[in-house]
>>> print(open('input14.tsv').read())   # TSV, C-alpha atoms and all ligand atoms
chain	number	residue	atom	x	y	z
C	1	MET	CA	-33.37	-96.15	103.60
C	2	THR	CA	-30.40	-95.55	101.30
C	3	ALA	CA	-27.72	-98.27	101.15
C	4	THR	CA	-24.23	-97.60	102.52
C	5	PRO	CA	-21.14	-99.03	100.76
C	6	ALA	CA	-21.05	-101.77	103.40
C	7	ASP	CA	-24.54	-102.86	102.31
C	8	LEU	CA	-23.54	-103.39	98.68
C	9	PRO	CA	-22.74	-106.84	97.24
C	10	ASP	CA	-19.12	-107.45	96.27
C	11	ALA	CA	-17.99	-107.80	92.63
C	12	ASP	CA	-18.52	-111.56	92.50
C	13	GLN	CA	-22.01	-111.22	94.03
C	14	ILE	CA	-22.92	-108.50	91.54
C	15	ARG	CA	-21.72	-110.71	88.69
C	16	ALA	CA	-23.91	-113.56	89.96
C	17	LEU	CA	-26.94	-111.27	90.36
C	18	ARG	CA	-26.44	-109.97	86.81
C	19	GLU	CA	-26.23	-113.50	85.42
C	20	LEU	CA	-29.41	-114.51	87.25
C	21	ALA	CA	-31.25	-111.38	86.07
C	22	ASP	CA	-30.18	-112.25	82.51
C	23	HIS	CA	-31.46	-115.83	82.94
C	24	LEU	CA	-34.79	-114.68	84.44
C	25	ALA	CA	-35.42	-112.10	81.71
C	26	ARG	CA	-34.66	-114.58	78.92
C	27	SER	CA	-36.74	-117.32	80.55
C	28	ALA	CA	-39.79	-115.06	80.95
C	29	GLY	CA	-39.15	-113.81	77.42
C	30	SER	CA	-39.40	-117.35	76.05
C	31	LEU	CA	-42.67	-117.84	77.94
C	32	VAL	CA	-44.14	-114.62	76.50
C	33	ARG	CA	-42.82	-115.28	72.97
C	34	GLU	CA	-44.00	-118.90	72.77
C	35	GLY	CA	-47.29	-118.29	74.57
C	36	ARG	CA	-48.51	-115.28	72.61
C	37	PRO	CA	-51.97	-116.06	71.19
C	38	GLU	CA	-52.98	-114.85	67.72
C	39	ARG	CA	-55.24	-112.24	69.28
C	40	VAL	CA	-54.31	-111.00	72.77
C	41	ALA	CA	-57.20	-110.15	75.10
C	42	VAL	CA	-57.24	-107.57	77.89
C	43	ALA	CA	-57.67	-109.33	81.24
C	44	ALA	CA	-58.11	-106.10	83.24
C	45	THR	CA	-57.29	-102.38	83.25
C	46	LYS	CA	-55.47	-100.28	85.89
C	47	SER	CA	-55.09	-96.48	85.96
C	48	SER	CA	-57.48	-95.97	83.06
C	49	GLU	CA	-59.39	-97.95	80.44
C	50	VAL	CA	-56.33	-97.73	78.16
C	51	ASP	CA	-53.88	-99.08	80.79
C	52	PRO	CA	-54.26	-102.85	80.14
C	53	VAL	CA	-53.18	-106.02	81.88
C	54	THR	CA	-53.09	-109.25	79.90
C	55	ALA	CA	-53.06	-112.83	81.12
C	56	MET	CA	-49.44	-113.00	79.95
C	57	ASP	CA	-48.41	-110.05	82.16
C	58	LEU	CA	-49.73	-112.05	85.11
C	59	ALA	CA	-48.22	-115.36	83.94
C	60	ALA	CA	-44.80	-113.83	83.26
C	61	GLU	CA	-44.63	-112.22	86.70
C	62	ALA	CA	-45.69	-115.49	88.36
C	63	HIS	CA	-42.94	-117.25	86.38
C	64	LEU	CA	-40.33	-114.72	87.53
C	65	ARG	CA	-41.47	-114.95	91.15
C	66	ALA	CA	-41.27	-118.77	91.07
C	67	LEU	CA	-37.69	-118.63	89.76
C	68	LEU	CA	-36.74	-116.11	92.47
C	69	ALA	CA	-38.31	-118.29	95.18
C	70	GLU	CA	-36.05	-121.09	93.91
C	71	HIS	CA	-32.83	-119.13	93.42
C	72	ARG	CA	-33.07	-116.19	95.86
C	73	PRO	CA	-35.58	-117.16	98.58
C	74	GLY	CA	-34.63	-114.41	101.08
C	75	ASP	CA	-34.72	-111.47	98.67
C	76	GLY	CA	-37.59	-109.03	98.33
C	77	VAL	CA	-39.68	-108.82	95.15
C	78	LEU	CA	-41.53	-105.77	93.78
C	79	GLY	CA	-43.57	-106.51	90.68
C	80	GLU	CA	-45.89	-104.39	88.54
C	81	GLU	CA	-48.78	-106.81	88.88
C	82	ASP	CA	-48.47	-108.33	92.37
C	83	GLY	CA	-46.76	-105.55	94.34
C	84	LEU	CA	-44.14	-105.77	97.08
C	85	GLN	CA	-43.13	-108.95	98.92
C	86	PRO	CA	-40.48	-107.74	101.43
C	87	GLY	CA	-37.32	-109.80	101.92
C	88	SER	CA	-34.67	-110.22	104.61
C	89	THR	CA	-31.43	-109.76	102.66
C	90	GLY	CA	-31.60	-106.06	101.75
C	91	ILE	CA	-31.84	-107.00	98.05
C	92	THR	CA	-35.08	-106.47	96.12
C	93	TRP	CA	-35.88	-107.70	92.60
C	94	VAL	CA	-37.95	-105.10	90.71
C	95	LEU	CA	-39.96	-106.72	87.92
C	96	ASP	CA	-41.89	-105.49	84.89
C	97	PRO	CA	-43.18	-108.74	83.37
C	98	ILE	CA	-44.10	-107.03	80.10
C	99	ASP	CA	-42.91	-103.45	79.67
C	100	GLY	CA	-44.78	-102.13	76.65
C	101	THR	CA	-48.00	-104.01	77.29
C	102	VAL	CA	-49.97	-101.98	74.73
C	103	ASN	CA	-47.40	-102.92	72.06
C	104	TYR	CA	-47.72	-106.58	73.13
C	105	LEU	CA	-51.51	-106.28	72.93
C	106	TYR	CA	-51.36	-104.88	69.37
C	107	GLY	CA	-48.48	-107.07	68.19
C	108	LEU	CA	-46.06	-104.16	67.74
C	109	PRO	CA	-42.42	-105.38	68.12
C	110	ALA	CA	-41.35	-103.25	71.12
C	111	TYR	CA	-41.96	-104.89	74.48
C	112	ALA	CA	-39.58	-106.31	77.04
C	113	ILE	CA	-39.08	-108.20	80.29
C	114	SER	CA	-37.37	-105.89	82.78
C	115	VAL	CA	-35.58	-107.41	85.80
C	116	GLY	CA	-33.84	-104.94	88.11
C	117	VAL	CA	-31.91	-105.74	91.29
C	118	VAL	CA	-31.61	-102.98	93.90
C	119	VAL	CA	-30.21	-102.58	97.42
C	120	GLY	CA	-32.07	-100.46	99.95
C	121	GLU	CA	-35.69	-99.33	99.88
C	122	PRO	CA	-37.17	-100.30	96.47
C	123	ASP	CA	-37.90	-96.64	95.67
C	124	PRO	CA	-35.93	-94.75	93.00
C	125	ALA	CA	-35.35	-91.93	95.49
C	126	HIS	CA	-33.52	-94.28	97.88
C	127	TRP	CA	-32.42	-97.45	96.06
C	128	THR	CA	-28.98	-98.42	94.68
C	129	PRO	CA	-29.34	-100.48	91.48
C	130	VAL	CA	-26.67	-103.21	91.45
C	131	ALA	CA	-27.69	-105.43	88.52
C	132	GLY	CA	-30.32	-105.62	85.80
C	133	ALA	CA	-31.47	-107.20	82.57
C	134	VAL	CA	-33.89	-106.06	79.86
C	135	HIS	CA	-34.90	-108.70	77.30
C	136	SER	CA	-36.54	-107.53	74.08
C	137	VAL	CA	-39.10	-110.28	73.45
C	138	PRO	CA	-39.67	-109.70	69.68
C	139	LEU	CA	-35.96	-109.27	68.88
C	140	GLY	CA	-34.61	-111.85	71.34
C	141	VAL	CA	-31.76	-109.56	72.48
C	142	THR	CA	-30.84	-108.91	76.12
C	143	TYR	CA	-29.30	-105.84	77.70
C	144	THR	CA	-27.58	-106.39	81.04
C	145	ALA	CA	-25.57	-104.31	83.52
C	146	GLY	CA	-23.76	-104.78	86.81
C	147	ARG	CA	-22.76	-101.93	89.15
C	148	GLY	CA	-19.19	-100.99	88.24
C	149	GLN	CA	-19.08	-103.77	85.62
C	150	GLY	CA	-20.38	-102.06	82.49
C	151	ALA	CA	-23.42	-102.67	80.29
C	152	THR	CA	-23.79	-105.00	77.32
C	153	LYS	CA	-26.25	-106.02	74.60
C	154	ASP	CA	-25.91	-109.76	74.09
C	155	GLY	CA	-22.41	-109.50	75.55
C	156	VAL	CA	-21.23	-106.54	73.43
C	157	ALA	CA	-20.22	-103.45	75.45
C	158	LEU	CA	-22.53	-100.42	75.27
C	159	ARG	CA	-21.70	-96.72	75.29
C	160	VAL	CA	-24.06	-93.75	75.12
C	161	ASN	CA	-23.58	-91.28	72.26
C	162	GLU	CA	-21.23	-88.35	72.54
C	163	PRO	CA	-23.10	-85.25	73.80
C	164	ARG	CA	-24.66	-83.12	71.06
C	165	SER	CA	-26.93	-80.09	70.86
C	166	LEU	CA	-30.62	-80.68	71.49
C	167	ALA	CA	-31.27	-79.36	67.96
C	168	THR	CA	-29.40	-82.40	66.58
C	169	SER	CA	-30.59	-84.93	69.18
C	170	LEU	CA	-33.03	-87.80	68.58
C	171	VAL	CA	-35.24	-87.73	71.68
C	172	GLY	CA	-37.30	-90.62	73.08
C	173	THR	CA	-40.32	-90.08	75.27
C	174	GLY	CA	-43.61	-91.57	76.42
C	175	PHE	CA	-46.98	-90.53	77.72
C	176	GLY	CA	-49.23	-91.36	80.62
C	177	TYR	CA	-52.58	-93.11	80.61
C	178	THR	CA	-54.80	-90.31	81.99
C	179	VAL	CA	-56.31	-87.42	80.03
C	180	GLU	CA	-55.06	-84.80	82.52
C	181	ARG	CA	-51.43	-85.90	82.30
C	182	ARG	CA	-51.53	-86.37	78.51
C	183	THR	CA	-52.94	-82.87	78.03
C	184	HIS	CA	-49.93	-81.26	79.72
C	185	GLN	CA	-47.51	-83.72	78.07
C	186	ALA	CA	-48.87	-82.60	74.69
C	187	ARG	CA	-48.15	-78.97	75.57
C	188	VAL	CA	-44.58	-79.88	76.61
C	189	LEU	CA	-44.11	-81.86	73.37
C	190	ALA	CA	-45.37	-78.96	71.26
C	191	GLU	CA	-42.75	-76.68	72.80
C	192	LEU	CA	-39.94	-79.25	72.57
C	193	LEU	CA	-40.49	-80.63	69.05
C	194	PRO	CA	-39.16	-77.55	67.15
C	195	ARG	CA	-36.03	-77.57	69.31
C	196	VAL	CA	-34.83	-81.16	68.67
C	197	ARG	CA	-33.86	-83.36	65.67
C	198	ASP	CA	-36.95	-85.54	66.15
C	199	ILE	CA	-39.04	-87.45	68.66
C	200	ARG	CA	-39.55	-91.21	69.00
C	201	ARG	CA	-42.36	-92.67	71.12
C	202	ILE	CA	-41.53	-96.38	71.25
C	203	GLY	CA	-43.87	-97.44	74.10
C	204	SER	CA	-41.48	-99.24	76.45
C	205	ALA	CA	-39.47	-97.22	78.95
C	206	ALA	CA	-37.06	-100.09	79.61
C	207	LEU	CA	-36.29	-100.34	75.88
C	208	ASP	CA	-36.08	-96.54	75.56
C	209	LEU	CA	-33.42	-96.51	78.27
C	210	CYS	CA	-31.53	-99.37	76.58
C	211	ARG	CA	-31.66	-97.52	73.26
C	212	VAL	CA	-30.02	-94.54	74.95
C	213	ALA	CA	-27.32	-96.88	76.28
C	214	GLU	CA	-26.67	-98.31	72.80
C	215	GLY	CA	-26.85	-94.93	71.08
C	216	SER	CA	-29.97	-95.50	68.97
C	217	LEU	CA	-31.52	-92.62	70.91
C	218	ASP	CA	-29.48	-89.61	71.99
C	219	VAL	CA	-31.60	-88.87	75.05
C	220	TYR	CA	-34.89	-89.90	76.66
C	221	PHE	CA	-37.34	-88.30	79.03
C	222	GLU	CA	-40.67	-89.35	80.49
C	223	ARG	CA	-42.93	-88.33	83.35
C	224	GLY	CA	-44.75	-91.10	85.17
C	225	LEU	CA	-42.34	-94.03	85.19
C	226	ASN	CA	-42.97	-96.65	87.82
C	227	PRO	CA	-40.09	-98.28	89.71
C	228	TRP	CA	-40.38	-101.43	87.56
C	229	ASP	CA	-40.09	-99.40	84.32
C	230	LEU	CA	-36.88	-97.81	85.57
C	231	ALA	CA	-34.91	-100.20	87.79
C	232	ALA	CA	-32.99	-102.21	85.17
C	233	GLY	CA	-32.77	-99.65	82.35
C	234	GLN	CA	-31.45	-96.95	84.67
C	235	LEU	CA	-28.39	-99.07	85.49
C	236	VAL	CA	-27.86	-100.02	81.84
C	237	VAL	CA	-27.64	-96.31	80.94
C	238	GLN	CA	-25.40	-95.46	83.90
C	239	GLU	CA	-23.02	-98.35	83.17
C	240	ALA	CA	-22.92	-97.25	79.52
C	241	GLY	CA	-21.56	-93.89	80.68
C	242	GLY	CA	-24.83	-91.97	80.81
C	243	THR	CA	-26.65	-89.91	83.40
C	244	VAL	CA	-30.16	-90.66	84.70
C	245	THR	CA	-31.84	-87.92	86.73
C	246	GLY	CA	-35.01	-86.01	87.54
C	247	LEU	CA	-35.59	-82.26	87.43
C	248	ARG	CA	-34.76	-79.60	90.05
C	249	GLY	CA	-31.99	-81.70	91.58
C	250	ALA	CA	-34.30	-84.67	92.22
C	251	PRO	CA	-33.35	-88.27	91.38
C	252	ALA	CA	-35.06	-90.02	88.46
C	253	GLY	CA	-38.51	-91.30	89.35
C	254	VAL	CA	-42.23	-90.92	88.79
C	255	ALA	CA	-42.06	-87.09	88.58
C	256	MET	CA	-39.55	-87.19	85.72
C	257	THR	CA	-36.80	-89.33	84.29
C	258	VAL	CA	-34.18	-87.91	81.90
C	259	ALA	CA	-31.43	-90.19	80.57
C	260	GLY	CA	-28.46	-89.77	78.23
C	261	PRO	CA	-24.98	-88.24	77.93
C	262	SER	CA	-24.49	-85.83	80.81
C	263	ALA	CA	-24.19	-82.60	78.79
C	264	THR	CA	-27.23	-83.38	76.64
C	265	VAL	CA	-29.22	-84.34	79.73
C	266	SER	CA	-28.31	-81.00	81.33
C	267	ASP	CA	-29.60	-79.09	78.31
C	268	LEU	CA	-32.83	-81.11	78.21
C	269	VAL	CA	-33.34	-80.78	81.97
C	270	ALA	CA	-33.14	-76.98	81.64
C	271	VAL	CA	-35.81	-76.93	78.91
C	272	LEU	CA	-38.10	-79.41	80.71
C	273	THR	CA	-37.79	-77.46	83.97
C	274	GLY	CA	-38.81	-74.27	82.19
C	275	LEU	CA	-41.86	-76.11	80.81
C	276	ASP	CA	-42.83	-77.59	84.23
C	277	ALA	CA	-42.70	-81.00	82.56
C	278	ASP	CA	-42.57	-82.72	85.98
C	279	ARG	CA	-46.09	-81.54	86.77
C	280	ASP	CA	-49.53	-82.35	85.34
C	281	ALA	CA	-50.85	-78.89	84.62
D	1	LIG	C1	-45.19	-98.44	79.69
D	1	LIG	C2	-43.92	-97.65	79.75
D	1	LIG	C3	-43.88	-96.58	78.69
D	1	LIG	C4	-45.00	-95.62	78.91
D	1	LIG	C5	-46.30	-96.40	78.78
D	1	LIG	C6	-46.37	-97.54	79.80
D	1	LIG	P1	-46.18	-100.69	80.74
D	1	LIG	O1	-45.18	-99.40	80.72
D	1	LIG	O2	-42.83	-98.54	79.57
D	1	LIG	O3	-42.67	-95.86	78.69
D	1	LIG	O4	-44.96	-94.56	78.00
D	1	LIG	O5	-47.36	-95.50	78.96
D	1	LIG	O6	-46.42	-97.00	81.10
D	1	LIG	O7	-47.48	-100.14	81.29
D	1	LIG	O8	-46.35	-101.18	79.36
D	1	LIG	O9	-45.54	-101.68	81.67
>>> encode(input="input14.tsv", output="structure tokens")
Amino acid sequence: MTATPADLPDADQIRALRELADHLARSAGSLVREGRPERVAVAATKSSEVDPVTAMDLAAEAHLRALLAEHRPGDGVLGEEDGLQPGSTGITWVLDPIDGTVNYLYGLPAYAISVGVVVGEPDPAHWTPVAGAVHSVPLGVTYTAGRGQGATKDGVALRVNEPRSLATSLVGTGFGYTVERRTHQARVLAELLPRVRDIRRIGSAALDLCRVAEGSLDVYFERGLNPWDLAAGQLVVQEAGGTVTGLRGAPAGVAMTVAGPSATVSDLVAVLTGLDADRDA
């Protein structure tokens, strides 16, 4: 179900949701930062043997859920590790307790807590993001956005880059965890690489989206994003003046997400459509 304007929180409510998302992301970030052991162990794997879950993923999501039970008891919660707990208010919190888990596992400084707040069905095809926060754990900086209220990085306003040709664009992307999907993604990358300035594979979709919003990437695309990868970063890009979409007129989602200045996104969408980048073979 897609929200109608009457379903949306008012400006003061959005401001409060944004402030709480900021608090939750920073609080979970402190837990992850202070609790990181010298050597991180894999607690389990998901879609493949290289799709890990650590004890801290689980602990961070439990921490976020406890704070939401305290502050927003009637809202729904959708988390990467513990799934959907429906609510009664029409608002759902969409959580990635550690986005960039492989980077966390290896100690590479690019992983984040992503806290999105959406109205309507918690599905990118139907939801309306209204607030969000992405906290970079290694750097200690926090990106936030509120619907109609702009996007900031530690309180400083964000704006996507001016549109530019693909040939001069720095393009972020990421890859899936299964051999089948990675095989086709490699073919797409081989076709795209000669046509762009360069590629960056950072390993956290939420941070990739925030880098587009701050202009340290011109544009970003990835096939396979889950709702929790997308919910907060999508709004940060949109409130920084960018466009977030899928291919073939579809909204952003698991098939494909493309984010950046509108004209650059249009050019990249055309190339990716021609390469069938929203499919696995
Ligand atoms: C990650 C995404 C990233 C993608 C990785 C992984 P996770 O999320 O943020 O963009 O390329 O394969 O899916 O699994 O670390 O929460």
>>> closest_residue(input="input14.tsv", among="C:Arg279, C:Arg211, C:Arg147, C:Arg187", to="C:Gly116", atoms="all atoms listed in the file")
C:Arg147
>>> residues_near_ligand(input="input14.tsv", ligand="ligand LIG 1 (chain D)", cutoff="8 Å", atoms="all atoms listed in the file", output="ChimeraX atom specification")
/C:51-52,80,96-103,111,173-177,201-208,222,224-226,228-229
>>> residues_around(input="input14.tsv", residues="C:Pro9", least_positions_apart="6", cutoff="12 Å", atoms="only C-alpha atoms", output="VMD selection string")
chain C and resid 3 15 to 18 89 to 91 117 to 120 128 to 131 146 to 148
>>> closest_residue(input="input14.tsv", among="C:Pro124, C:Pro73, C:Gly132, C:Gly29", to="C:Pro251", atoms="only C-alpha atoms")
C:Pro124
>>> atom_distance(input="input14.tsv", atom1="atom CA of C:Thr245", atom2="atom CA of C:Asp7")
22.8 Å
>>> atom_distance(input="input14.tsv", atom1="atom CA of C:Thr183", atom2="atom CA of C:Thr243")
27.7 Å
>>> closest_residue(input="input14.tsv", among="C:Gly150, C:Gly74, C:Val156, C:Glu19", to="C:Val236", atoms="only C-alpha atoms")
C:Gly150
>>> closest_residue(input="input14.tsv", among="C:Asp82, C:Ala44, C:Ala25, C:Glu162", to="C:Leu67", atoms="all atoms listed in the file")
C:Ala25
>>> atom_distance(input="input14.tsv", atom1="atom CA of C:Ser88", atom2="atom CA of C:Ile14")
17.7 Å
>>> axis_aligned_box(input="input14.tsv", around="stretch 194-205 of chain C", padding_each_side="6 Å", output="JSON")
{"center_x": -38.9, "center_y": -88.4, "center_z": 72.3, "size_x": 22.0, "size_y": 33.7, "size_z": 25.3}
>>> residues_around(input="input14.tsv", residues="stretch 260-272 of chain C", least_positions_apart="5", cutoff="8 Å", atoms="all atoms listed in the file", output="PDB file with C-alpha atoms, keeping the file's coordinate frame")
ATOM      1  CA  VAL C 160     -24.060 -93.750  75.120  1.00  0.00           C
ATOM      2  CA  ASN C 161     -23.580 -91.280  72.260  1.00  0.00           C
ATOM      3  CA  GLU C 162     -21.230 -88.350  72.540  1.00  0.00           C
ATOM      4  CA  PRO C 163     -23.100 -85.250  73.800  1.00  0.00           C
ATOM      5  CA  ARG C 164     -24.660 -83.120  71.060  1.00  0.00           C
ATOM      6  CA  SER C 165     -26.930 -80.090  70.860  1.00  0.00           C
ATOM      7  CA  LEU C 166     -30.620 -80.680  71.490  1.00  0.00           C
ATOM      8  CA  VAL C 188     -44.580 -79.880  76.610  1.00  0.00           C
ATOM      9  CA  LEU C 192     -39.940 -79.250  72.570  1.00  0.00           C
ATOM     10  CA  VAL C 212     -30.020 -94.540  74.950  1.00  0.00           C
ATOM     11  CA  ALA C 213     -27.320 -96.880  76.280  1.00  0.00           C
ATOM     12  CA  ASP C 218     -29.480 -89.610  71.990  1.00  0.00           C
ATOM     13  CA  VAL C 219     -31.600 -88.870  75.050  1.00  0.00           C
ATOM     14  CA  TYR C 220     -34.890 -89.900  76.660  1.00  0.00           C
ATOM     15  CA  VAL C 237     -27.640 -96.310  80.940  1.00  0.00           C
ATOM     16  CA  GLY C 241     -21.560 -93.890  80.680  1.00  0.00           C
ATOM     17  CA  GLY C 242     -24.830 -91.970  80.810  1.00  0.00           C
ATOM     18  CA  THR C 243     -26.650 -89.910  83.400  1.00  0.00           C
ATOM     19  CA  VAL C 244     -30.160 -90.660  84.700  1.00  0.00           C
ATOM     20  CA  GLY C 246     -35.010 -86.010  87.540  1.00  0.00           C
ATOM     21  CA  LEU C 247     -35.590 -82.260  87.430  1.00  0.00           C
ATOM     22  CA  ALA C 277     -42.700 -81.000  82.560  1.00  0.00           C
ATOM     23  CA  ASP C 278     -42.570 -82.720  85.980  1.00  0.00           C
TER      24      ASP C 278
END
>>> closest_residue(input="input14.tsv", among="C:Val134, C:Ala151, C:Val40, C:Met256", to="C:Asp280", atoms="all atoms listed in the file")
C:Met256
>>> closest_residue(input="input14.tsv", among="C:Leu105, C:Gly79, C:Leu235, C:Ser27", to="C:Met56", atoms="all atoms listed in the file")
C:Leu105
>>> residues_around(input="input14.tsv", residues="C:Arg33", least_positions_apart="4", cutoff="12 Å", atoms="all atoms listed in the file", output="number ranges by chain")
C: 25-29, 37-38, 56-57, 60, 98, 104, 107, 109, 111-113, 135-140
>>> build_atoms(input="input14.tsv", residues="stretch 249-258 of chain C", atoms="all heavy atoms", output="PDB file, keeping the file's coordinate frame")
ATOM      1  N   GLY C 249     -32.900 -81.052  90.642  1.00  0.00           N
ATOM      2  CA  GLY C 249     -31.990 -81.700  91.580  1.00  0.00           C
ATOM      3  C   GLY C 249     -32.507 -82.993  92.144  1.00  0.00           C
ATOM      4  O   GLY C 249     -31.849 -83.637  92.980  1.00  0.00           O
ATOM      5  N   ALA C 250     -33.709 -83.425  91.693  1.00  0.00           N
ATOM      6  CA  ALA C 250     -34.300 -84.670  92.220  1.00  0.00           C
ATOM      7  C   ALA C 250     -33.736 -85.872  91.463  1.00  0.00           C
ATOM      8  O   ALA C 250     -33.312 -85.755  90.315  1.00  0.00           O
ATOM      9  CB  ALA C 250     -35.817 -84.621  92.050  1.00  0.00           C
ATOM     10  N   PRO C 251     -33.752 -87.061  92.107  1.00  0.00           N
ATOM     11  CA  PRO C 251     -33.350 -88.270  91.380  1.00  0.00           C
ATOM     12  C   PRO C 251     -34.424 -88.640  90.357  1.00  0.00           C
ATOM     13  O   PRO C 251     -35.550 -88.161  90.418  1.00  0.00           O
ATOM     14  CB  PRO C 251     -33.244 -89.328  92.480  1.00  0.00           C
ATOM     15  CG  PRO C 251     -34.155 -88.856  93.550  1.00  0.00           C
ATOM     16  CD  PRO C 251     -34.122 -87.358  93.510  1.00  0.00           C
ATOM     17  N   ALA C 252     -34.068 -89.511  89.419  1.00  0.00           N
ATOM     18  CA  ALA C 252     -35.060 -90.020  88.460  1.00  0.00           C
ATOM     19  C   ALA C 252     -36.171 -90.725  89.235  1.00  0.00           C
ATOM     20  O   ALA C 252     -35.923 -91.350  90.280  1.00  0.00           O
ATOM     21  CB  ALA C 252     -34.395 -90.984  87.493  1.00  0.00           C
ATOM     22  N   GLY C 253     -37.386 -90.632  88.695  1.00  0.00           N
ATOM     23  CA  GLY C 253     -38.510 -91.300  89.350  1.00  0.00           C
ATOM     24  C   GLY C 253     -39.808 -90.916  88.690  1.00  0.00           C
ATOM     25  O   GLY C 253     -39.823 -90.448  87.551  1.00  0.00           O
ATOM     26  N   VAL C 254     -40.888 -91.090  89.381  1.00  0.00           N
ATOM     27  CA  VAL C 254     -42.230 -90.920  88.790  1.00  0.00           C
ATOM     28  C   VAL C 254     -42.459 -89.486  88.314  1.00  0.00           C
ATOM     29  O   VAL C 254     -43.125 -89.281  87.294  1.00  0.00           O
ATOM     30  CB  VAL C 254     -43.327 -91.361  89.775  1.00  0.00           C
ATOM     31  CG1 VAL C 254     -43.366 -90.432  90.992  1.00  0.00           C
ATOM     32  CG2 VAL C 254     -44.683 -91.467  89.091  1.00  0.00           C
ATOM     33  N   ALA C 255     -41.864 -88.502  88.969  1.00  0.00           N
ATOM     34  CA  ALA C 255     -42.060 -87.090  88.580  1.00  0.00           C
ATOM     35  C   ALA C 255     -41.450 -86.836  87.211  1.00  0.00           C
ATOM     36  O   ALA C 255     -42.071 -86.194  86.352  1.00  0.00           O
ATOM     37  CB  ALA C 255     -41.484 -86.150  89.617  1.00  0.00           C
ATOM     38  N   MET C 256     -40.258 -87.359  87.003  1.00  0.00           N
ATOM     39  CA  MET C 256     -39.550 -87.190  85.720  1.00  0.00           C
ATOM     40  C   MET C 256     -38.304 -88.063  85.714  1.00  0.00           C
ATOM     41  O   MET C 256     -37.633 -88.183  86.723  1.00  0.00           O
ATOM     42  CB  MET C 256     -39.158 -85.737  85.501  1.00  0.00           C
ATOM     43  CG  MET C 256     -38.395 -85.471  84.191  1.00  0.00           C
ATOM     44  SD  MET C 256     -39.275 -85.997  82.705  1.00  0.00           S
ATOM     45  CE  MET C 256     -40.603 -84.795  82.668  1.00  0.00           C
ATOM     46  N   THR C 257     -38.041 -88.617  84.561  1.00  0.00           N
ATOM     47  CA  THR C 257     -36.800 -89.330  84.290  1.00  0.00           C
ATOM     48  C   THR C 257     -36.203 -88.773  83.009  1.00  0.00           C
ATOM     49  O   THR C 257     -36.907 -88.665  82.002  1.00  0.00           O
ATOM     50  CB  THR C 257     -37.029 -90.839  84.161  1.00  0.00           C
ATOM     51  OG1 THR C 257     -37.408 -91.384  85.427  1.00  0.00           O
ATOM     52  CG2 THR C 257     -35.769 -91.551  83.674  1.00  0.00           C
ATOM     53  N   VAL C 258     -34.919 -88.387  83.070  1.00  0.00           N
ATOM     54  CA  VAL C 258     -34.180 -87.910  81.900  1.00  0.00           C
ATOM     55  C   VAL C 258     -32.894 -88.716  81.826  1.00  0.00           C
ATOM     56  O   VAL C 258     -32.205 -88.869  82.848  1.00  0.00           O
ATOM     57  CB  VAL C 258     -33.856 -86.412  81.982  1.00  0.00           C
ATOM     58  CG1 VAL C 258     -33.254 -85.901  80.664  1.00  0.00           C
ATOM     59  CG2 VAL C 258     -35.108 -85.586  82.328  1.00  0.00           C
TER      60      VAL C 258
END
